[in-house]
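A.B. asks: query_29.txt is reproduced in full below (compact mmCIF, C-alpha atoms and all ligand atoms).
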# COMPACT_ATOMS: atom_id res chain seq x y z
CA MET A 437 -43.51 -65.31 160.31
CA ASP A 438 -40.27 -63.31 160.26
CA LYS A 439 -39.23 -62.21 156.79
CA ILE A 440 -36.01 -64.21 157.09
CA LEU A 441 -37.96 -67.42 157.74
CA GLU A 442 -39.98 -66.71 154.63
CA ILE A 443 -36.79 -66.28 152.64
CA ILE A 444 -35.47 -69.57 154.05
CA LYS A 445 -38.64 -71.25 152.82
CA GLN A 446 -38.02 -69.80 149.35
CA GLU A 447 -34.42 -70.98 149.44
CA LYS A 448 -35.53 -74.51 150.36
CA GLN A 449 -37.83 -74.46 147.37
CA ARG A 450 -35.02 -73.20 145.12
CA GLN A 451 -32.72 -75.97 146.31
CA ALA A 452 -35.38 -78.58 145.57
CA GLU A 453 -36.51 -77.24 142.20
CA GLN A 454 -33.19 -76.38 140.60
CA LEU A 455 -30.21 -78.53 139.74
CA GLN A 456 -27.35 -77.53 142.03
CA MET A 457 -24.11 -78.11 140.13
CA ILE A 458 -21.65 -75.88 141.93
CA PRO A 459 -18.88 -78.38 142.78
CA SER A 460 -18.23 -76.87 146.20
CA GLU A 461 -21.86 -77.26 147.29
CA ASN A 462 -23.71 -80.22 148.70
CA TYR A 463 -26.70 -81.16 150.84
CA ALA A 464 -25.84 -81.86 154.48
CA SER A 465 -27.88 -84.56 156.20
CA GLU A 466 -30.80 -83.76 158.48
CA GLU A 467 -28.73 -84.81 161.50
CA VAL A 468 -25.95 -82.40 160.55
CA MET A 469 -28.50 -79.58 160.16
CA LYS A 470 -30.06 -80.46 163.49
CA ALA A 471 -26.69 -80.18 165.24
CA VAL A 472 -25.88 -76.85 163.60
CA GLY A 473 -29.25 -75.38 164.54
CA SER A 474 -29.02 -76.65 168.11
CA HIS A 475 -28.57 -75.06 171.54
CA LEU A 476 -24.84 -75.59 171.17
CA MET A 477 -24.76 -72.26 169.31
CA ASN A 478 -25.44 -70.50 172.62
CA LYS A 479 -22.17 -71.58 174.19
CA TYR A 480 -18.87 -69.72 174.25
CA ALA A 481 -15.90 -72.04 174.61
CA GLU A 482 -12.62 -70.23 173.92
CA GLY A 483 -9.72 -72.64 174.27
CA TYR A 484 -9.64 -76.38 173.79
CA PRO A 485 -11.23 -79.37 175.59
CA LYS A 486 -10.24 -79.31 179.27
CA LYS A 487 -8.40 -76.00 178.71
CA ARG A 488 -11.19 -73.45 178.32
CA TYR A 489 -11.33 -69.83 179.36
CA TYR A 490 -15.04 -70.06 180.27
CA GLN A 491 -17.06 -72.26 182.58
CA GLY A 492 -19.86 -74.66 181.64
CA ASN A 493 -18.01 -76.78 179.11
CA VAL A 494 -19.02 -80.24 180.28
CA ASN A 495 -20.92 -80.97 177.07
CA VAL A 496 -19.01 -78.93 174.52
CA ASP A 497 -15.75 -80.61 175.54
CA LYS A 498 -17.31 -83.95 174.68
CA VAL A 499 -18.48 -82.61 171.32
CA GLU A 500 -15.09 -81.23 170.31
CA SER A 501 -13.14 -84.29 171.51
CA LEU A 502 -15.44 -86.60 169.59
CA ALA A 503 -15.18 -84.44 166.48
CA ARG A 504 -11.36 -84.58 166.58
CA LYS A 505 -11.40 -88.35 167.06
CA ARG A 506 -13.90 -88.98 164.26
CA VAL A 507 -12.10 -86.72 161.80
CA LEU A 508 -8.91 -88.74 162.25
CA GLN A 509 -10.88 -91.98 161.95
CA ALA A 510 -12.45 -90.74 158.71
CA PHE A 511 -9.00 -90.76 157.09
CA GLY A 512 -7.82 -93.92 158.90
CA LEU A 513 -5.27 -91.95 160.93
CA ASN A 514 -3.61 -92.91 164.15
CA GLY A 515 -4.05 -90.38 166.96
CA LYS A 516 -0.47 -91.00 168.10
CA GLN A 517 1.01 -89.66 164.86
CA TRP A 518 -1.60 -87.14 163.79
CA GLY A 519 -3.71 -84.50 165.46
CA ALA A 520 -6.79 -82.57 164.35
CA ASN A 521 -7.99 -79.05 164.96
CA VAL A 522 -11.70 -78.72 164.18
CA GLN A 523 -12.10 -75.05 165.11
CA PRO A 524 -11.29 -73.05 161.94
CA HIS A 525 -14.38 -71.14 160.91
CA SER A 526 -13.62 -71.63 157.22
CA GLY A 527 -11.12 -73.00 154.74
CA CYS A 528 -9.34 -69.67 154.28
CA GLU A 529 -8.82 -69.31 158.04
CA ALA A 530 -7.55 -72.89 158.26
CA ASN A 531 -4.88 -72.18 155.65
CA VAL A 532 -3.89 -68.87 157.19
CA ALA A 533 -3.63 -70.63 160.57
CA VAL A 534 -1.20 -73.13 159.06
CA TYR A 535 0.98 -70.37 157.57
CA ASN A 536 0.86 -68.46 160.85
CA ALA A 537 1.92 -71.58 162.73
CA MET A 538 4.78 -72.65 160.50
CA LEU A 539 6.17 -69.56 158.75
CA LYS A 540 7.79 -66.24 159.52
CA ILE A 541 6.78 -62.98 157.86
CA GLY A 542 8.52 -62.75 154.50
CA ASP A 543 8.98 -66.52 154.04
CA LYS A 544 8.30 -67.99 150.61
CA ILE A 545 5.32 -70.17 149.75
CA MET A 546 4.51 -71.87 146.45
CA GLY A 547 1.09 -73.09 145.35
CA MET A 548 -1.11 -73.71 142.34
CA TYR A 549 -1.75 -70.73 140.07
CA LEU A 550 -5.34 -69.51 140.56
CA PRO A 551 -6.47 -69.51 136.90
CA ASP A 552 -5.06 -73.06 136.66
CA GLY A 553 -7.39 -74.15 139.43
CA GLY A 554 -5.63 -72.96 142.62
CA HIS A 555 -7.22 -71.07 145.52
CA LEU A 556 -7.15 -67.45 146.68
CA SER A 557 -6.05 -68.41 150.17
CA HIS A 558 -2.77 -69.78 148.80
CA GLY A 559 -1.61 -66.20 148.35
CA TRP A 560 -3.25 -64.96 145.17
CA GLN A 561 -1.59 -61.90 143.70
CA MET A 562 -1.31 -60.42 140.25
CA PRO A 563 1.60 -58.59 138.68
CA GLY A 564 1.79 -55.30 140.57
CA ARG A 565 -1.29 -56.08 142.65
CA LYS A 566 -1.39 -58.02 145.88
CA ILE A 567 -4.95 -59.25 146.18
CA THR A 568 -4.80 -61.34 149.36
CA MET A 569 -3.45 -60.56 152.81
CA VAL A 570 -1.40 -63.77 152.51
CA SER A 571 0.43 -62.27 149.50
CA LYS A 572 1.25 -59.17 151.56
CA ILE A 573 2.79 -61.26 154.33
CA TYR A 574 4.67 -63.94 152.37
CA LYS A 575 6.59 -64.04 149.11
CA VAL A 576 4.45 -66.11 146.78
CA GLY A 577 5.34 -68.24 143.78
CA PHE A 578 2.91 -70.26 141.65
CA TYR A 579 3.23 -73.41 139.60
CA HIS A 580 1.23 -73.92 136.41
CA VAL A 581 -0.43 -76.60 134.34
CA ASN A 582 1.15 -77.57 131.05
CA ARG A 583 -0.31 -75.45 128.23
CA GLN A 584 -1.16 -78.46 126.04
CA SER A 585 -2.27 -81.16 128.49
CA ARG A 586 -3.66 -78.65 131.01
CA VAL A 587 -2.52 -80.90 133.87
CA PHE A 588 0.27 -80.23 136.36
CA ASP A 589 3.76 -81.23 135.29
CA TYR A 590 5.56 -82.49 138.39
CA ASP A 591 9.06 -82.40 136.84
CA GLN A 592 8.49 -78.74 136.12
CA ILE A 593 7.20 -78.13 139.66
CA GLU A 594 10.33 -79.79 141.03
CA LYS A 595 12.62 -77.58 138.94
CA GLN A 596 10.70 -74.50 140.02
CA ALA A 597 10.77 -75.49 143.68
CA VAL A 598 14.51 -76.13 143.62
CA LYS A 599 15.02 -72.65 142.13
CA PHE A 600 12.45 -70.70 144.19
CA LYS A 601 13.18 -72.54 147.49
CA PRO A 602 9.83 -72.00 149.19
CA LYS A 603 9.51 -72.69 152.90
CA MET A 604 6.12 -74.28 152.18
CA ILE A 605 4.69 -76.09 149.15
CA ILE A 606 0.91 -76.00 148.90
CA CYS A 607 -1.35 -78.04 146.68
CA GLY A 608 -5.08 -78.10 146.18
CA GLY A 609 -7.53 -75.88 144.44
CA THR A 610 -11.03 -75.16 143.34
CA ALA A 611 -10.95 -76.20 139.72
CA VAL A 612 -8.51 -79.08 139.36
CA PRO A 613 -10.34 -81.93 137.60
CA ARG A 614 -7.45 -84.40 137.77
CA ASP A 615 -6.12 -86.25 140.79
CA ILE A 616 -3.09 -84.73 142.52
CA ASN A 617 0.17 -86.61 142.99
CA TYR A 618 0.53 -86.03 146.72
CA GLN A 619 3.42 -88.45 147.04
CA ARG A 620 5.50 -86.67 144.41
CA LEU A 621 4.81 -83.26 145.93
CA GLY A 622 5.80 -84.64 149.33
CA GLU A 623 9.09 -85.85 147.84
CA ILE A 624 9.74 -82.45 146.27
CA ALA A 625 9.05 -80.70 149.59
CA GLU A 626 11.37 -83.09 151.38
CA LYS A 627 14.12 -82.55 148.80
CA ILE A 628 14.14 -78.79 149.38
CA GLY A 629 13.40 -78.92 153.13
CA ALA A 630 9.96 -77.28 152.80
CA TYR A 631 6.80 -77.97 154.73
CA TYR A 632 4.03 -79.48 152.65
CA LEU A 633 0.41 -78.39 153.07
CA ALA A 634 -2.24 -80.29 151.11
CA ASP A 635 -5.49 -78.35 150.92
CA ILE A 636 -8.11 -80.99 150.13
CA ALA A 637 -11.14 -78.71 150.59
CA HIS A 638 -12.77 -80.06 147.44
CA GLU A 639 -11.75 -83.68 147.66
CA ALA A 640 -12.02 -84.44 151.41
CA GLY A 641 -15.13 -86.62 151.19
CA LEU A 642 -13.85 -88.51 148.17
CA ILE A 643 -10.49 -89.12 149.84
CA ALA A 644 -12.12 -90.24 153.09
CA ALA A 645 -14.24 -92.66 151.07
CA GLY A 646 -11.11 -94.06 149.38
CA VAL A 647 -12.20 -92.97 145.90
CA LEU A 648 -9.23 -90.62 145.43
CA LYS A 649 -5.60 -90.93 146.51
CA SER A 650 -4.81 -89.66 149.98
CA PRO A 651 -2.29 -86.94 150.93
CA PHE A 652 -1.51 -88.95 154.09
CA PRO A 653 1.24 -89.64 155.07
CA TYR A 654 3.04 -87.41 152.55
CA ALA A 655 1.78 -84.01 153.68
CA ASP A 656 2.88 -82.39 156.95
CA MET A 657 -0.50 -80.69 157.27
CA VAL A 658 -3.79 -81.22 155.51
CA SER A 659 -6.57 -78.64 155.55
CA PHE A 660 -10.10 -79.01 154.30
CA THR A 661 -13.51 -77.43 154.36
CA THR A 662 -16.25 -79.63 155.71
CA HIS A 663 -19.14 -78.48 153.51
CA LYS A 664 -18.13 -79.72 150.07
CA THR A 665 -17.70 -83.41 149.23
CA PHE A 666 -17.35 -84.08 152.99
CA ARG A 667 -21.06 -83.17 153.15
CA GLY A 668 -20.99 -81.52 156.55
CA PRO A 669 -21.73 -78.00 157.78
CA ARG A 670 -19.72 -74.92 156.86
CA GLY A 671 -16.41 -75.11 158.67
CA ALA A 672 -12.89 -76.43 158.27
CA VAL A 673 -10.37 -78.80 159.77
CA ILE A 674 -6.59 -78.92 159.98
CA ILE A 675 -4.95 -82.30 160.41
CA GLY A 676 -1.23 -82.22 161.10
CA LYS A 677 1.66 -84.39 162.11
CA LYS A 678 1.58 -84.60 165.89
CA LYS A 679 4.88 -82.75 166.27
CA TYR A 680 3.32 -79.64 164.66
CA MET A 681 -0.04 -79.66 166.43
CA ASP A 682 0.87 -77.43 169.38
CA ARG A 683 1.94 -74.72 166.96
CA ILE A 684 -1.18 -75.20 164.83
CA ASN A 685 -3.55 -75.16 167.79
CA PHE A 686 -1.91 -72.02 169.22
CA SER A 687 -2.17 -70.39 165.80
CA VAL A 688 -5.93 -71.07 165.51
CA PHE A 689 -6.60 -69.96 169.08
CA PRO A 690 -5.49 -67.49 170.39
CA GLY A 691 -3.58 -66.62 167.21
CA LEU A 692 -6.47 -65.99 164.85
CA GLN A 693 -9.87 -66.82 166.27
CA GLY A 694 -11.88 -66.40 169.44
CA GLY A 695 -14.68 -68.78 170.38
CA PRO A 696 -15.12 -71.91 168.30
CA HIS A 697 -18.48 -72.49 166.62
CA ILE A 698 -19.33 -75.52 168.69
CA HIS A 699 -22.61 -76.09 166.84
CA SER A 700 -20.68 -76.37 163.56
CA ILE A 701 -18.11 -78.62 165.20
CA ALA A 702 -20.98 -80.90 166.28
CA GLY A 703 -22.14 -81.00 162.65
CA ILE A 704 -18.58 -81.82 161.56
CA ALA A 705 -18.50 -84.71 164.06
CA ILE A 706 -21.71 -86.12 162.57
CA ALA A 707 -20.45 -85.74 159.00
CA ALA A 708 -17.14 -87.37 159.96
CA LYS A 709 -19.08 -90.40 161.13
CA GLU A 710 -21.30 -90.42 158.04
CA VAL A 711 -18.33 -90.46 155.63
CA GLN A 712 -17.21 -93.74 157.21
CA THR A 713 -20.40 -95.57 156.25
CA LYS A 714 -20.77 -97.97 153.35
CA ALA A 715 -23.54 -95.79 151.95
CA PHE A 716 -21.19 -92.79 151.78
CA LYS A 717 -18.50 -94.82 150.03
CA GLU A 718 -21.07 -95.82 147.41
CA TYR A 719 -22.14 -92.18 147.17
CA ALA A 720 -18.54 -91.02 146.63
CA LYS A 721 -18.01 -93.60 143.86
CA GLN A 722 -21.19 -92.42 142.18
CA VAL A 723 -20.11 -88.76 142.44
CA VAL A 724 -17.05 -89.55 140.30
CA LYS A 725 -18.97 -91.82 137.91
CA ASN A 726 -21.52 -89.07 137.38
CA ALA A 727 -18.86 -86.45 136.70
CA ARG A 728 -17.25 -88.77 134.16
CA VAL A 729 -20.57 -89.23 132.38
CA LEU A 730 -21.00 -85.45 132.19
CA ALA A 731 -17.46 -85.00 130.83
CA GLU A 732 -18.05 -87.68 128.20
CA GLU A 733 -21.34 -86.13 127.10
CA PHE A 734 -19.71 -82.70 126.78
CA ASN A 735 -16.80 -84.16 124.83
CA GLN A 736 -19.21 -85.83 122.45
CA ALA A 737 -21.07 -82.57 121.96
CA GLY A 738 -17.81 -80.96 120.87
CA LEU A 739 -17.21 -78.86 123.98
CA ASP A 740 -13.64 -78.39 125.16
CA VAL A 741 -13.40 -80.28 128.46
CA VAL A 742 -10.23 -79.16 130.26
CA SER A 743 -7.75 -82.07 130.45
CA GLY A 744 -10.20 -84.17 128.43
CA GLY A 745 -12.16 -85.44 131.42
CA THR A 746 -12.12 -85.76 135.17
CA ASP A 747 -10.97 -88.01 138.02
CA LYS A 748 -13.14 -86.24 140.56
CA HIS A 749 -16.45 -84.54 141.21
CA LEU A 750 -16.05 -81.64 138.81
CA VAL A 751 -15.80 -80.89 135.13
CA LEU A 752 -14.28 -77.74 133.69
CA ILE A 753 -15.36 -76.52 130.26
CA ASP A 754 -13.36 -74.04 128.24
CA LEU A 755 -15.78 -72.04 126.08
CA ARG A 756 -13.17 -70.16 124.07
CA LYS A 757 -13.63 -72.51 121.09
CA GLN A 758 -17.19 -71.19 120.89
CA SER A 759 -16.04 -67.61 121.58
CA LEU A 760 -18.45 -67.66 124.50
CA SER A 761 -18.09 -66.25 127.98
CA GLY A 762 -18.81 -68.35 131.06
CA TRP A 763 -20.86 -65.37 132.27
CA VAL A 764 -23.32 -65.67 129.37
CA VAL A 765 -23.80 -69.43 129.64
CA ALA A 766 -24.03 -69.47 133.45
CA TRP A 767 -26.80 -66.84 133.44
CA ALA A 768 -28.71 -68.61 130.68
CA LEU A 769 -28.42 -71.89 132.58
CA GLU A 770 -29.73 -70.26 135.74
CA LYS A 771 -32.80 -69.14 133.83
CA ALA A 772 -33.26 -72.78 132.84
CA GLY A 773 -32.95 -73.87 136.49
CA ILE A 774 -29.42 -75.27 136.24
CA ILE A 775 -26.97 -73.69 138.67
CA VAL A 776 -23.30 -73.82 137.71
CA ASN A 777 -20.47 -71.41 138.20
CA ARG A 778 -18.47 -69.50 135.70
CA ASN A 779 -14.77 -70.03 136.19
CA THR A 780 -11.39 -69.19 134.78
CA VAL A 781 -9.69 -71.89 132.75
CA PRO A 782 -5.95 -72.45 132.23
CA TYR A 783 -4.36 -69.61 130.25
CA ASP A 784 -7.60 -67.65 130.36
CA THR A 785 -7.50 -64.13 129.06
CA GLY A 786 -10.91 -63.23 130.54
CA SER A 787 -11.25 -61.61 133.95
CA PRO A 788 -12.38 -63.66 136.99
CA TYR A 789 -15.76 -61.90 136.76
CA TYR A 790 -16.11 -62.64 133.04
CA PRO A 791 -14.08 -65.84 132.70
CA SER A 792 -14.04 -68.20 129.73
CA GLY A 793 -15.12 -71.34 131.49
CA LEU A 794 -17.82 -73.18 133.34
CA ARG A 795 -17.25 -75.35 136.39
CA LEU A 796 -19.84 -78.02 137.06
CA GLY A 797 -19.98 -80.59 139.82
CA THR A 798 -21.90 -83.67 140.84
CA PRO A 799 -21.77 -83.82 144.70
CA ALA A 800 -25.19 -82.23 145.29
CA LEU A 801 -26.99 -84.01 142.44
CA THR A 802 -25.58 -87.35 143.59
CA SER A 803 -26.77 -86.65 147.14
CA ARG A 804 -30.26 -86.55 145.62
CA GLY A 805 -29.74 -90.05 144.22
CA MET A 806 -29.06 -89.14 140.59
CA LYS A 807 -27.03 -91.49 138.42
CA ALA A 808 -25.73 -91.81 134.84
CA LYS A 809 -29.16 -91.61 133.21
CA GLU A 810 -29.92 -88.33 134.91
CA MET A 811 -26.45 -86.96 134.08
CA LYS A 812 -27.07 -87.64 130.41
CA GLN A 813 -30.32 -85.71 130.52
CA ILE A 814 -28.71 -82.80 132.36
CA ALA A 815 -25.75 -82.72 129.96
CA LYS A 816 -28.24 -82.65 127.09
CA TRP A 817 -29.95 -79.60 128.57
CA ILE A 818 -26.62 -77.86 129.15
CA ASN A 819 -25.49 -78.58 125.59
CA MET A 820 -28.80 -77.19 124.30
CA VAL A 821 -28.34 -73.98 126.28
CA VAL A 822 -24.78 -73.53 125.02
CA GLU A 823 -26.10 -73.93 121.47
CA HIS A 824 -29.00 -71.57 122.19
CA VAL A 825 -26.76 -68.69 123.29
CA LYS A 826 -23.95 -69.27 120.80
CA LYS A 827 -24.46 -65.90 119.12
CA GLU A 828 -24.36 -63.95 122.40
CA LYS A 829 -20.82 -62.59 122.37
CA LEU A 830 -19.69 -60.64 125.42
CA PRO A 831 -17.94 -57.45 124.26
CA LYS A 832 -14.44 -56.77 125.57
CA ASP A 833 -14.86 -53.01 125.77
CA PRO A 834 -16.21 -52.19 129.28
CA ALA A 835 -18.89 -49.71 128.15
CA ALA A 836 -20.19 -52.03 125.41
CA ARG A 837 -20.04 -54.92 127.87
CA ARG A 838 -22.14 -53.05 130.42
CA LYS A 839 -24.77 -52.38 127.77
CA PHE A 840 -24.70 -56.01 126.61
CA THR A 841 -24.95 -57.55 130.09
CA LYS A 842 -27.91 -55.34 130.99
CA SER A 843 -29.75 -56.20 127.80
CA PHE A 844 -28.86 -59.91 128.00
CA ARG A 845 -30.16 -60.23 131.58
CA ARG A 846 -33.42 -58.59 130.45
CA ARG A 847 -33.76 -60.72 127.33
CA ILE A 848 -33.24 -64.08 129.04
CA VAL A 849 -36.09 -63.39 131.45
CA ARG A 850 -38.46 -63.38 128.49
CA ASP A 851 -36.71 -66.16 126.55
CA GLU A 852 -39.34 -68.80 125.73
CA PHE A 853 -36.78 -71.57 125.08
CA LEU A 854 -35.23 -71.12 128.55
CA ARG A 855 -38.63 -70.76 130.19
CA LYS A 856 -39.82 -74.02 128.69
CA MET A 857 -36.66 -75.78 129.78
CA ARG A 858 -37.09 -74.35 133.28
CA VAL A 859 -40.48 -76.06 133.55
CA GLU A 860 -39.00 -79.40 132.44
CA VAL A 861 -36.06 -79.01 134.85
CA THR A 862 -38.40 -78.22 137.75
CA VAL A 863 -40.57 -81.28 137.11
CA PHE A 864 -37.42 -83.40 136.83
CA ALA A 865 -35.72 -81.99 139.95
CA ARG A 866 -38.81 -82.39 142.13
CA LYS A 867 -38.59 -86.17 141.67
CA TYR A 868 -35.37 -86.31 143.69
CA SER A 869 -35.53 -85.67 147.38
CA VAL A 870 -33.35 -83.24 149.29
CA PRO A 871 -32.49 -83.87 152.97
CA GLY A 872 -34.92 -81.97 155.17
CA ILE A 873 -37.37 -81.18 152.38
C1 LIG B 901 -9.14 -75.42 147.81
C2 LIG B 901 -9.89 -74.50 148.70
N1 LIG B 901 -9.30 -74.01 149.79
C3 LIG B 901 -9.93 -73.17 150.62
C4 LIG B 901 -11.22 -72.77 150.37
C5 LIG B 901 -11.84 -71.73 151.26
O1 LIG B 901 -12.90 -72.15 151.97
P1 LIG B 901 -13.90 -71.10 152.68
O2 LIG B 901 -14.76 -70.57 151.59
O3 LIG B 901 -14.60 -71.95 153.68
O4 LIG B 901 -13.05 -70.04 153.32
C6 LIG B 901 -11.90 -73.27 149.27
C7 LIG B 901 -13.30 -72.85 148.99
O5 LIG B 901 -13.83 -72.90 147.94
C8 LIG B 901 -11.22 -74.14 148.40
O6 LIG B 901 -11.80 -74.62 147.31
Can the structure from this file be put into structure tokens for me?
C.D. replies:
Amino acid sequence: MDKILEIIKQEKQRQAEQLQMIPSENYASEEVMKAVGSHLMNKYAEGYPKKRYYQGNVNVDKVESLARKRVLQAFGLNGKQWGANVQPHSGCEANVAVYNAMLKIGDKIMGMYLPDGGHLSHGWQMPGRKITMVSKIYKVGFYHVNRQSRVFDYDQIEKQAVKFKPKMIICGGTAVPRDINYQRLGEIAEKIGAYYLADIAHEAGLIAAGVLKSPFPYADMVSFTTHKTFRGPRGAVIIGKKKYMDRINFSVFPGLQGGPHIHSIAGIAIAAKEVQTKAFKEYAKQVVKNARVLAEEFNQAGLDVVSGGTDKHLVLIDLRKQSLSGWVVAWALEKAGIIVNRNTVPYDTGSPYYPSGLRLGTPALTSRGMKAKEMKQIAKWINMVVEHVKKEKLPKDPAARRKFTKSFRRRIVRDEFLRKMRVEVTVFARKYSVPGI
């Protein structure tokens, strides 16, 4: 067996034996995986259905056309008013394609501030340091959450937008536990004559299932990744008002990409059908219920849950009250078989690599059929780990920090408490099936 196939086997085992709580991860169905691993991957198909630059597209044209149709259906959209592009290879490319379609170099854009939950692809930059290519091309402004409530203040966003006058307002992010007021943002964009892009990468599946509010018809363009709550393969989609679709399509190809990943597009088409089922709607409801149970359990244990709870699939914990780093807790949890990600929290003073928070999600656990009872057990384990490492303070000084991180990683391997928990977690996790395993 090739070494890679052996590693894949190990990864399957890891996915079955650990608790996957990264909010942007999920388990795609067996049908989705079958499509992605199919012969479609052998086909080049630059262009769009019926307008390809290669021959032999009789089948791939059907795949892409069906994917576009199903994606619109998933959000209850009329093909006369809206169009879909299913070719972006990822969420970042989808967003860049929208900017490239609608903006000129040097135009202003305004999105959510990254440490407040926003996303890199909305032009992340720091004072004196342009991190993303987007920030080198456009002038970027950010809006923030309120320091006390840690939720977005739309009156404040309106004032800022009127003053900054962006050509595009963007919303969406990776760590926003509360629902977004798409209607209000649409009104603000209209007031200042800006385009409005809603990036629903995290929420797409929950919105399609009707569990969260929809950005349609308020946004001019909506982008999303297909591998998070949408539970499809890795990839992304742009849906736009029909009048903008020629520009968007031209921006994706030939503007930014070459051949579409038709095998992924086939997986997206299958996922787009799956999200329309009754079973998926029940799943999406349970995702949110489960996240609320987690938030409640953390609140009761005295942890600082950002914004006090969640409306979605994710919970954000601020560990500054415990003077703990997300880095320390996330590594300890991994040793116990619980996979979360460390994350910045609003007004964080830690670096993105050593942030002060933890971001935990329920999409993958819920795909395994877990409900409130299981969430309570998992929250209990997480609370125990936080308590267990409470004396492990990450030094601020880089040299002392290097020494600490090395020693901490070594110590947790031998930690009996975490080892014992790992055994319990493995026995627990194995009871819940994973598609394809
Ligand atoms: C809000 C948002 N937009 C865009 C992306 C980028 O997606 P990708 O990693 O597929 O480029 C993500 C991924 O986490 C995201 O959360």
A.B. asks: Could you list, with a cut-off of 6 Å and counting all atoms listed in the file, the residues of chain A near ligand LIG 901 (chain B), each shown with its nearest atom pair and the distance in Å rounded to one decimal, rows sorted by chain and ascending number, as CSV?
C.D. replies:
residue,atom,partner,partner_atom,distance
A:Ser526,CA,B:LIG901,O3,3.7
A:Gly527,CA,B:LIG901,O1,3.4
A:Cys528,CA,B:LIG901,O4,3.9
A:His555,CA,B:LIG901,C1,5.3
A:Gly608,CA,B:LIG901,C1,5.1
A:Gly609,CA,B:LIG901,C1,3.8
A:Thr610,CA,B:LIG901,O6,4.1
A:Asp635,CA,B:LIG901,C1,5.6
A:Ala637,CA,B:LIG901,C1,4.7
A:His638,CA,B:LIG901,O6,5.5
A:Thr661,CA,B:LIG901,O3,5.6
A.B. asks: Check the smallest atom-to-atom distance from each of A:Ala702, A:Val673, A:Ser659, A:Pro799 to Lys721 in chain A using only C-alpha atoms, then report the winner.
C.D. replies: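 So, comparing all the options, the nearest one is A:Pro799.
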A.B. asks: Please provide as a count of residues only all residues within 12 Å of Ser501 in chain A, with the sequence filter that same-chain residues fewer than 6 positions apart are discarded (counting only C-alpha atoms).
C.D. replies: 20
A.B. asks: Smallest atom-to-atom distance to Ser761 in chain A: which of A:Gly559, A:Gly773, A:Pro791, A:Gly744, using all atoms listed in the file?
C.D. replies: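 Of A:Gly559, A:Gly773, A:Pro791, A:Gly744, the one nearest Ser761 in chain A is A:Pro791, counting all atoms listed in the file.
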A.B. asks: For Lys725 in chain A, list every protein, DNA or RNA residue within 12 Å, evaluated using all atoms listed in the file, and leave out those in the same chain fewer than 6 positions away; present the list as a list in words.
C.D. replies: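 Skipping anything fewer than 6 positions along the chain leaves Leu642, Val647, Glu718, Tyr719, Ala731, Glu732, Gly745, Thr746, Asp747, Lys748, His749, Leu750, Val751, Gly797, Thr798, Pro799, Thr802, Met806, Lys807, Ala808, Lys809, Glu810, Met811 and Lys812 of chain A.
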A.B. asks: For Pro563 in chain A, please output as a ChimeraX atom specification all residues within 12 Å (counting only C-alpha atoms; exclusion window: fewer than 4 positions along the same chain).
C.D. replies: /A:567,571,576-577
A.B. asks: Rank nothing, just name the residue among A:Lys771, A:Arg855, A:Lys829, A:Lys867 nearest to Leu801 in chain A, using all atoms listed in the file.
C.D. replies: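 Looking only at the distances to Leu801 in chain A, the closest residue turns out to be A:Lys867.
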A.B. asks: Counting only C-alpha atoms, find the residues whose atoms lie at most 7 Å from (-15.6, -79.9, 150.4) (file coordinates) and write them out as a compact mmCIF listing (two decimals) with C-alpha atoms, in the frame of the given file.
C.D. replies:
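And here's point30.txt as it stands now:
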# COMPACT_ATOMS: atom_id res chain seq x y z
CA SER A 460 -18.23 -76.87 146.20
CA ALA A 637 -11.14 -78.71 150.59
CA HIS A 638 -12.77 -80.06 147.44
CA GLU A 639 -11.75 -83.68 147.66
CA ALA A 640 -12.02 -84.44 151.41
CA GLY A 641 -15.13 -86.62 151.19
CA PHE A 660 -10.10 -79.01 154.30
CA THR A 661 -13.51 -77.43 154.36
CA THR A 662 -16.25 -79.63 155.71
CA HIS A 663 -19.14 -78.48 153.51
CA LYS A 664 -18.13 -79.72 150.07
CA THR A 665 -17.70 -83.41 149.23
CA PHE A 666 -17.35 -84.08 152.99
CA ARG A 667 -21.06 -83.17 153.15
A.B. asks: State, in Å with one decimal place, the distance from CA of Leu760 in chain A to CA of Lys827 in chain A.
C.D. replies: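 We find that CA of Leu760 in chain A and CA of Lys827 in chain A lie 8.3 Å from each other.
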A.B. asks: Just the number, please: distance in Å from CA of Tyr631 in chain A to CA of Lys544 in chain A, one decimal.
C.D. replies: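 Computing it gives 10.9 Å between the two atoms.
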A.B. asks: Taking all atoms listed in the file into account, name the residue in A:Tyr574, A:Tyr790, A:Trp518, A:Tyr549 that is nearest to Cys607 in chain A.
C.D. replies: A:Tyr549
A.B. asks: Out of A:Val764, A:Trp817, A:Gln712, A:Val587, which residue has the shortest atom-to-atom distance to Glu860 in chain A when counting only C-alpha atoms?
C.D. replies: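 Selected residue with least distance to Glu860 in chain A: A:Trp817.
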A.B. asks: Looking at all atoms listed in the file, which of A:Gly762, A:Gly553, A:Gly629, A:Gly738 is the one that sits closest to Gly786 in chain A?
C.D. replies: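 Using all atoms listed in the file, the shortest distance to Gly786 in chain A belongs to A:Gly762.
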A.B. asks: Contacts of Phe734 in chain A at 9 Å or less, counting only C-alpha atoms, minus same-chain residues fewer than 4 places along, as a list in words?
C.D. replies: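 With the cut-off at 9 Å, the set is Val729, Leu730, Gly738, Leu739, Asp740, Val741, Ile753, Ala815, Lys816, Ile818 and Asn819 of chain A.
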A.B. asks: May I ask for the distance between CA of Ile573 in chain A and CA of Val688 in chain A, given in Å to one decimal place?
C.D. replies: 17.2 Å
